[in-house]
Amino acid sequence: ETGVTQTPRHLVMGMTNKKSLKCEQHLGHNAMYWYKQSAKKPLELMFVYNFKEQTENNSVPSRFSPECPNSSHLFLHLHTLQPEDSALYLCASSQGGTGERYGYTFGSGTRLTVV
Amino acid sequence: ELKVEQNPLFLSMQEGKNYTIYCNYSTTSDRLYWYRQDPGKSLESLFVLLSNGAVKQEGRLMASLDTKARLSTLHITAAVHDLSATYFCAVDDMRFGAGTRLTVKP
């Protein structure tokens, strides 16, 4: 375990389902991130939260909805997904603010399959 | 738009050989990060390079940063099978290169 825990590890959902991915960090970090990793685009930054505030949304479709209730928890709510959304979704955290001296810690990811 | 380019994307090398992976980026960045990812696993932080001229070494891997040339290198010395993995570089705002899939053969 890296200190960043993602659940579930695997998820299969239909295109009409609604599901949520969860990320939790116990590192005292203030910034959290969602990434999408697929064969077509290895690591795409989706959302960034700094001190619970969303600071970046990289033109992600509205069928992906992030939520950050506190600095330790990050969710990604999914609805009416498409098969091309099948990918590994990675959560990461960092100390936040300017000057990331210690890099970023990644969770193990959620392997999502949309059928 | 910031671009982060790694090359090569695929690298097959013999055990005991040396090689270098390159990471070029298109805008100014004072920091550069290298990560390793094993198949089916998450990303593991290898190096954090914080300034121009920074050099860090860990075992058979050495990373360097030239912010003026917007270039970082990851040098592999006397490769061993355990180094087989995908290596990613990332810049300031955590945008990643496409990754270099390294395979070390006996």
# chains A, B, ... in the order shown; residues from 1 in each chain; ligands from 1
>>> select_by_dssp(residues="chain A", states="strand (DSSP E)", output="PyMOL selection string")
chain A and resi 4-7+10-13+18-25+31-37+44-50+53-57+64-70+73-79+87-94+105-106+110-114
>>> closest_atom_pairs(of="range 3-99 of chain B", to="range 24-41 of chain A", cutoff="12 Å", atoms="only C-alpha atoms", output="JSON lines")
{"residue": "B:Gln37", "atom": "CA", "partner": "A:Gln37", "partner_atom": "CA", "distance": 11.7}
{"residue": "B:Gly40", "atom": "CA", "partner": "A:Gln37", "partner_atom": "CA", "distance": 11.4}
{"residue": "B:Lys41", "atom": "CA", "partner": "A:Gln37", "partner_atom": "CA", "distance": 11.8}
{"residue": "B:Ser42", "atom": "CA", "partner": "A:Gln37", "partner_atom": "CA", "distance": 10.5}
{"residue": "B:Leu43", "atom": "CA", "partner": "A:Gln37", "partner_atom": "CA", "distance": 11.1}
{"residue": "B:Asp93", "atom": "CA", "partner": "A:Tyr33", "partner_atom": "CA", "distance": 11.1}
{"residue": "B:Met94", "atom": "CA", "partner": "A:Tyr33", "partner_atom": "CA", "distance": 9.5}
{"residue": "B:Arg95", "atom": "CA", "partner": "A:Tyr35", "partner_atom": "CA", "distance": 9.9}
{"residue": "B:Phe96", "atom": "CA", "partner": "A:Lys41", "partner_atom": "CA", "distance": 10.0}
{"residue": "B:Gly97", "atom": "CA", "partner": "A:Lys41", "partner_atom": "CA", "distance": 9.7}
{"residue": "B:Ala98", "atom": "CA", "partner": "A:Lys41", "partner_atom": "CA", "distance": 7.3}
{"residue": "B:Gly99", "atom": "CA", "partner": "A:Lys41", "partner_atom": "CA", "distance": 10.1}
>>> closest_atom_pairs(of="chain A", to="chain B", cutoff="7 Å", atoms="only C-alpha atoms", output="CSV")
residue,atom,partner,partner_atom,distance
A:Pro42,CA,B:Ala98,CA,5.6
A:Leu43,CA,B:Phe96,CA,6.2
A:Leu45,CA,B:Arg95,CA,6.6
A:Arg101,CA,B:Leu50,CA,6.9
A:Tyr102,CA,B:Val48,CA,6.5
A:Gly103,CA,B:Val48,CA,6.1
A:Phe106,CA,B:Leu43,CA,5.9
A:Gly107,CA,B:Ser42,CA,6.3
A:Ser108,CA,B:Ser42,CA,4.6
A:Gly109,CA,B:Ser42,CA,6.6
>>> write_last_selection(atoms="all heavy atoms", output="mmCIF file, in the first residue's frame")
data_model
loop_
_atom_site.group_PDB
_atom_site.id
_atom_site.type_symbol
_atom_site.label_atom_id
_atom_site.label_comp_id
_atom_site.auth_asym_id
_atom_site.auth_seq_id
_atom_site.Cartn_x
_atom_site.Cartn_y
_atom_site.Cartn_z
ATOM 1 N N PRO A 42 -1.701 7.381 -22.632
ATOM 2 C CA PRO A 42 -1.204 6.732 -21.419
ATOM 3 C C PRO A 42 -1.625 7.352 -20.090
ATOM 4 O O PRO A 42 -2.098 6.653 -19.239
ATOM 5 C CB PRO A 42 0.302 6.768 -21.613
ATOM 6 C CG PRO A 42 0.475 6.736 -23.081
ATOM 7 C CD PRO A 42 -0.671 7.529 -23.652
ATOM 8 N N LEU A 43 -1.435 8.622 -19.898
ATOM 9 C CA LEU A 43 -1.804 9.217 -18.611
ATOM 10 C C LEU A 43 -2.392 10.595 -18.860
ATOM 11 O O LEU A 43 -1.670 11.543 -19.146
ATOM 12 C CB LEU A 43 -0.591 9.317 -17.679
ATOM 13 C CG LEU A 43 -0.283 8.080 -16.864
ATOM 14 C CD1 LEU A 43 1.130 8.121 -16.324
ATOM 15 C CD2 LEU A 43 -1.261 7.931 -15.721
ATOM 16 N N LEU A 45 -4.377 13.741 -17.323
ATOM 17 C CA LEU A 45 -4.825 14.417 -16.116
ATOM 18 C C LEU A 45 -6.269 14.859 -16.314
ATOM 19 O O LEU A 45 -6.591 15.527 -17.283
ATOM 20 C CB LEU A 45 -3.928 15.624 -15.839
ATOM 21 C CG LEU A 45 -4.245 16.461 -14.614
ATOM 22 C CD1 LEU A 45 -4.112 15.645 -13.341
ATOM 23 C CD2 LEU A 45 -3.339 17.685 -14.573
ATOM 24 N N ARG A 101 8.046 19.327 -3.895
ATOM 25 C CA ARG A 101 9.403 18.834 -3.707
ATOM 26 C C ARG A 101 9.477 17.322 -3.569
ATOM 27 O O ARG A 101 10.540 16.738 -3.711
ATOM 28 C CB ARG A 101 10.018 19.471 -2.466
ATOM 29 C CG ARG A 101 10.109 20.987 -2.520
ATOM 30 C CD ARG A 101 10.851 21.528 -1.318
ATOM 31 N NE ARG A 101 12.229 21.048 -1.272
ATOM 32 C CZ ARG A 101 13.237 21.625 -1.920
ATOM 33 N NH1 ARG A 101 13.024 22.657 -2.695
ATOM 34 N NH2 ARG A 101 14.455 21.141 -1.808
ATOM 35 N N TYR A 102 8.376 16.709 -3.276
ATOM 36 C CA TYR A 102 8.433 15.288 -2.946
ATOM 37 C C TYR A 102 7.679 14.406 -3.918
ATOM 38 O O TYR A 102 7.510 13.223 -3.675
ATOM 39 C CB TYR A 102 7.920 15.073 -1.523
ATOM 40 C CG TYR A 102 8.672 15.905 -0.525
ATOM 41 C CD1 TYR A 102 8.095 17.024 0.042
ATOM 42 C CD2 TYR A 102 9.978 15.585 -0.185
ATOM 43 C CE1 TYR A 102 8.805 17.805 0.928
ATOM 44 C CE2 TYR A 102 10.695 16.362 0.703
ATOM 45 C CZ TYR A 102 10.106 17.476 1.256
ATOM 46 O OH TYR A 102 10.803 18.245 2.144
ATOM 47 N N GLY A 103 7.238 14.979 -5.009
ATOM 48 C CA GLY A 103 6.544 14.166 -5.992
ATOM 49 C C GLY A 103 5.131 13.850 -5.556
ATOM 50 O O GLY A 103 4.579 14.451 -4.645
ATOM 51 N N PHE A 106 0.701 7.740 -5.924
ATOM 52 C CA PHE A 106 -0.430 7.200 -6.674
ATOM 53 C C PHE A 106 -1.062 6.027 -5.938
ATOM 54 O O PHE A 106 -0.383 5.256 -5.251
ATOM 55 C CB PHE A 106 0.042 6.723 -8.051
ATOM 56 C CG PHE A 106 0.230 7.830 -9.037
ATOM 57 C CD1 PHE A 106 1.390 8.568 -9.047
ATOM 58 C CD2 PHE A 106 -0.763 8.133 -9.954
ATOM 59 C CE1 PHE A 106 1.571 9.602 -9.956
ATOM 60 C CE2 PHE A 106 -0.600 9.163 -10.870
ATOM 61 C CZ PHE A 106 0.573 9.896 -10.868
ATOM 62 N N GLY A 107 -2.373 5.892 -6.129
ATOM 63 C CA GLY A 107 -3.072 4.702 -5.685
ATOM 64 C C GLY A 107 -2.898 3.583 -6.699
ATOM 65 O O GLY A 107 -2.269 3.765 -7.744
ATOM 66 N N SER A 108 -3.464 2.432 -6.388
ATOM 67 C CA SER A 108 -3.318 1.266 -7.254
ATOM 68 C C SER A 108 -4.260 1.286 -8.451
ATOM 69 O O SER A 108 -4.102 0.486 -9.366
ATOM 70 C CB SER A 108 -3.563 -0.013 -6.457
ATOM 71 O OG SER A 108 -2.613 -0.121 -5.423
ATOM 72 N N GLY A 109 -5.233 2.184 -8.426
ATOM 73 C CA GLY A 109 -6.099 2.337 -9.584
ATOM 74 C C GLY A 109 -7.371 1.511 -9.525
ATOM 75 O O GLY A 109 -7.458 0.516 -8.789
#
>>> closest_residue(among="A:Lys22, A:Ala87, A:Leu112, A:Thr80", to="Cys68 in chain A", atoms="only C-alpha atoms")
A:Lys22
>>> residues_around(residues="range 16-18 of chain B", least_positions_apart="4", cutoff="8 Å", atoms="only C-alpha atoms", output="VMD selection string")
chain B and resid 75 to 80
>>> write_last_selection(atoms="N, CA, C and O atoms", output="compact mmCIF listing (two decimals), in the first residue's frame")
# COMPACT_ATOMS: atom_id res chain seq x y z
N HIS B 75 19.28 7.41 -17.22
CA HIS B 75 20.33 6.52 -17.72
C HIS B 75 20.31 5.21 -16.94
O HIS B 75 20.24 5.20 -15.71
N ILE B 76 20.38 4.14 -17.71
CA ILE B 76 20.37 2.80 -17.12
C ILE B 76 21.76 2.20 -17.29
O ILE B 76 22.29 2.15 -18.42
N THR B 77 22.34 1.77 -16.22
CA THR B 77 23.68 1.19 -16.25
C THR B 77 23.61 -0.29 -15.96
O THR B 77 23.03 -0.72 -14.96
N ALA B 78 24.23 -1.09 -16.83
CA ALA B 78 24.30 -2.54 -16.63
C ALA B 78 22.94 -3.12 -16.28
O ALA B 78 22.72 -3.65 -15.19
N ALA B 79 22.05 -3.02 -17.23
CA ALA B 79 20.65 -3.38 -16.99
C ALA B 79 20.49 -4.81 -16.49
O ALA B 79 21.24 -5.72 -16.88
N VAL B 80 19.51 -4.99 -15.62
CA VAL B 80 19.12 -6.32 -15.14
C VAL B 80 17.63 -6.51 -15.39
O VAL B 80 16.88 -5.53 -15.57
>>> closest_residue(among="A:Ser65, A:Ser93, A:Asn17, A:Ser59", to="Thr113 in chain A", atoms="only C-alpha atoms")
A:Asn17
>>> atom_distance(atom1="CA of Cys91 in chain A", atom2="CA of Leu74 in chain A")
8.2 Å
>>> residues_around(residues="Phe51 in chain A", least_positions_apart="2", cutoff="8 Å", atoms="only C-alpha atoms", output="list in words")
Asn30, Ala31, Tyr49, Glu53, Asn70, Ser71 and Gly96 of chain A
>>> closest_residue(among="B:Asp66, B:Pro39, B:Gln14, B:Thr100", to="Leu88 in chain A", atoms="only C-alpha atoms")
B:Pro39
>>> residues_around(residues="Ser29 in chain B", least_positions_apart="5", cutoff="8 Å", atoms="only C-alpha atoms", output="JSON, numbers by chain")
{"B": [67, 70, 91, 92]}
>>> write_last_selection(atoms="all heavy atoms", output="PDB file, in the first residue's frame")
ATOM      1  N   THR B  67      17.207  22.280 -17.521  1.00  0.00           N
ATOM      2  CA  THR B  67      16.010  23.094 -17.749  1.00  0.00           C
ATOM      3  C   THR B  67      16.184  24.041 -18.940  1.00  0.00           C
ATOM      4  O   THR B  67      15.196  24.426 -19.562  1.00  0.00           O
ATOM      5  CB  THR B  67      15.657  23.912 -16.499  1.00  0.00           C
ATOM      6  OG1 THR B  67      16.766  24.745 -16.155  1.00  0.00           O
ATOM      7  CG2 THR B  67      15.297  23.003 -15.334  1.00  0.00           C
ATOM      8  N   ARG B  70      15.409  21.988 -21.735  1.00  0.00           N
ATOM      9  CA  ARG B  70      14.098  21.354 -21.514  1.00  0.00           C
ATOM     10  C   ARG B  70      14.199  19.853 -21.754  1.00  0.00           C
ATOM     11  O   ARG B  70      13.398  19.258 -22.493  1.00  0.00           O
ATOM     12  CB  ARG B  70      13.023  21.995 -22.376  1.00  0.00           C
ATOM     13  CG  ARG B  70      12.856  23.467 -22.068  1.00  0.00           C
ATOM     14  CD  ARG B  70      11.823  24.125 -22.924  1.00  0.00           C
ATOM     15  NE  ARG B  70      11.801  25.565 -22.673  1.00  0.00           N
ATOM     16  CZ  ARG B  70      11.100  26.433 -23.376  1.00  0.00           C
ATOM     17  NH1 ARG B  70      10.336  26.008 -24.378  1.00  0.00           N
ATOM     18  NH2 ARG B  70      11.126  27.709 -23.072  1.00  0.00           N
ATOM     19  N   VAL B  91       6.226  16.695 -15.776  1.00  0.00           N
ATOM     20  CA  VAL B  91       6.740  18.021 -15.477  1.00  0.00           C
ATOM     21  C   VAL B  91       5.908  18.685 -14.377  1.00  0.00           C
ATOM     22  O   VAL B  91       5.001  18.084 -13.825  1.00  0.00           O
ATOM     23  CB  VAL B  91       6.790  18.894 -16.740  1.00  0.00           C
ATOM     24  CG1 VAL B  91       7.798  18.313 -17.718  1.00  0.00           C
ATOM     25  CG2 VAL B  91       5.422  19.003 -17.397  1.00  0.00           C
ATOM     26  N   ASP B  92       6.234  19.959 -14.140  1.00  0.00           N
ATOM     27  CA  ASP B  92       5.662  20.753 -13.056  1.00  0.00           C
ATOM     28  C   ASP B  92       4.209  20.485 -12.720  1.00  0.00           C
ATOM     29  O   ASP B  92       3.842  20.294 -11.575  1.00  0.00           O
ATOM     30  CB  ASP B  92       5.759  22.243 -13.428  1.00  0.00           C
ATOM     31  CG  ASP B  92       6.889  22.907 -12.705  1.00  0.00           C
ATOM     32  OD1 ASP B  92       7.543  22.220 -11.908  1.00  0.00           O
ATOM     33  OD2 ASP B  92       7.107  24.096 -12.941  1.00  0.00           O
TER      34      ASP B  92
END
>>> atom_distance(atom1="CA of Val4 in chain B", atom2="CA of Ser26 in chain B")
6.6 Å
